[in-house]
Amino acid sequence: MHAPRTRVQRRPVHGVLLLDKPLGLSSNQALQKAKWLLRAEKAGHTGTLDPLATGVLPLCFGAATKFSQLHLDANKTYETTVRLGVKTRTADAEGDVLETRPVNCSVGQVVEVLDRFTGPIAQVPPMHSALKKDGKALYEYAREGETVEREARNVVIHELELLDLQLQGDAPHVRLRVRCSKGTYIRTLGEDIGEALGCGGHLSMLRRTATGPFEVSQCITLDALEALGENDRIERLLPVQALLDGHDAVTLGADDAGRFLSGMRRCGDWADSARVAVFGPVPHGAHDPPASPPVLLGSARTVAGELIPGRLLSPTEIQQILETSPELAS
């Protein structure tokens, strides 16, 4: 007879957890485990990693989920190994082998091909991806044995660094560091590089080492998070405004802050900016000393001297942040 399951008492949790996603878990599975460990009411992520990929996965809790979309545009950095000479159905080690070819390329040819794939390139999204066509994910078509036409997408490979290579032996490969724009499929990049070398290839390893300002050295594993006490887990959270990196900061006075939180535009001598992080005094009713530093109110843009609200925190969310983790408010 099974013991009754203990119901987790959820609570408001606000902030960003930088997770080093383990191999084998989907991004959503990793998110749900972290959400359970933090007993958080609301959670989301800033873009997925494949189950066979590891590395930086920023997880958003509470008010931070309002700004998760902003991070989808961030540049990403990966380290990956392309196994040469073997082409698979999914362009990674999970798929069935479609063909094998001898690897006859030279080091010089590898360097020349990598140069060709640096800069703006066009990619055809892989069938085994979550991209949708006619309301249905491409991987769903692939599971049914169907291939559908996909339009090429323009992406930018900012840097393509050769870390290691082995062109002989039982497992010829190249190991790469890729710094790229949003929307880049590293599996497709690896497969295309293999084709350009004349031998085909697939990814045998993929690790995201950075996304936007967040690096893998800042991350914590699920096992390490689970080993912490409850208060220590909360202390691993970055403040909500960590997602607003690169935004211009505007600080409002008490009257303007209250109106801004109500969704009203404010006037000032601000330069035009598409990305603004707005701070102000603690809203009336929040339990915090009068001399506390300004808190995040939300995002905005400035046009012709007007501060136009974007995504806003509620006074309740601000109060919860101050009550549960005062250090996350500043």
# chains A, B, ... in the order shown; residues from 1 in each chain; ligands from 1
call {"tool": "residues_around", "arguments": {"residues": "A:Gly119", "least_positions_apart": "5", "cutoff": "6 Å", "atoms": "only C-alpha atoms", "output": "MDAnalysis selection string"}}
result
chainID A and resid 156:158
call {"tool": "residues_around", "arguments": {"residues": "A:Arg116", "least_positions_apart": "4", "cutoff": "10 Å", "atoms": "only C-alpha atoms", "output": "list in words"}}
result
Val110, Val111, Glu112, Pro120, Ile121, Leu160, Ile193 and Ala196 of chain A
call {"tool": "residues_around", "arguments": {"residues": "A:Ala30", "least_positions_apart": "3", "cutoff": "12 Å", "atoms": "only C-alpha atoms", "output": "NGL selection string"}}
result
:A and (17-27 or 33-37 or 43-45 or 48-51 or 54-59 or 220-223 or 225)
call {"tool": "select_by_dssp", "arguments": {"residues": "stretch 198-241 of chain A", "states": "strand (DSSP E or B)", "output": "list in words"}}
result
Gly201, His202, Leu203, Ser204, Met205, Leu206, Arg207, Arg208, Thr209, Ala210, Thr211, Phe214, Glu215, Ile220 and Leu238 of chain A
call {"tool": "atom_distance", "arguments": {"atom1": "atom CA of A:Leu162", "atom2": "atom CA of A:Val82"}}
result
11.1 Å
call {"tool": "atom_distance", "arguments": {"atom1": "atom CA of A:Leu297", "atom2": "atom CA of A:Val278"}}
result
5.6 Å
call {"tool": "closest_residue", "arguments": {"among": "A:Leu237, A:Ala277, A:Ala254, A:Ala300", "to": "A:Gln218", "atoms": "only C-alpha atoms"}}
result
A:Leu237
call {"tool": "closest_residue", "arguments": {"among": "A:Cys267, A:Leu261, A:Val103, A:Val240", "to": "A:Ile321", "atoms": "only C-alpha atoms"}}
result
A:Val240
call {"tool": "closest_residue", "arguments": {"among": "A:Pro293, A:Gly201, A:Pro172, A:Gly145", "to": "A:Thr88", "atoms": "only C-alpha atoms"}}
result
A:Gly201
call {"tool": "residues_around", "arguments": {"residues": "A:Pro315", "least_positions_apart": "3", "cutoff": "12 Å", "atoms": "only C-alpha atoms", "output": "ChimeraX atom specification"}}
result
/A:63,257-262,280-287,295-298,312,318-322
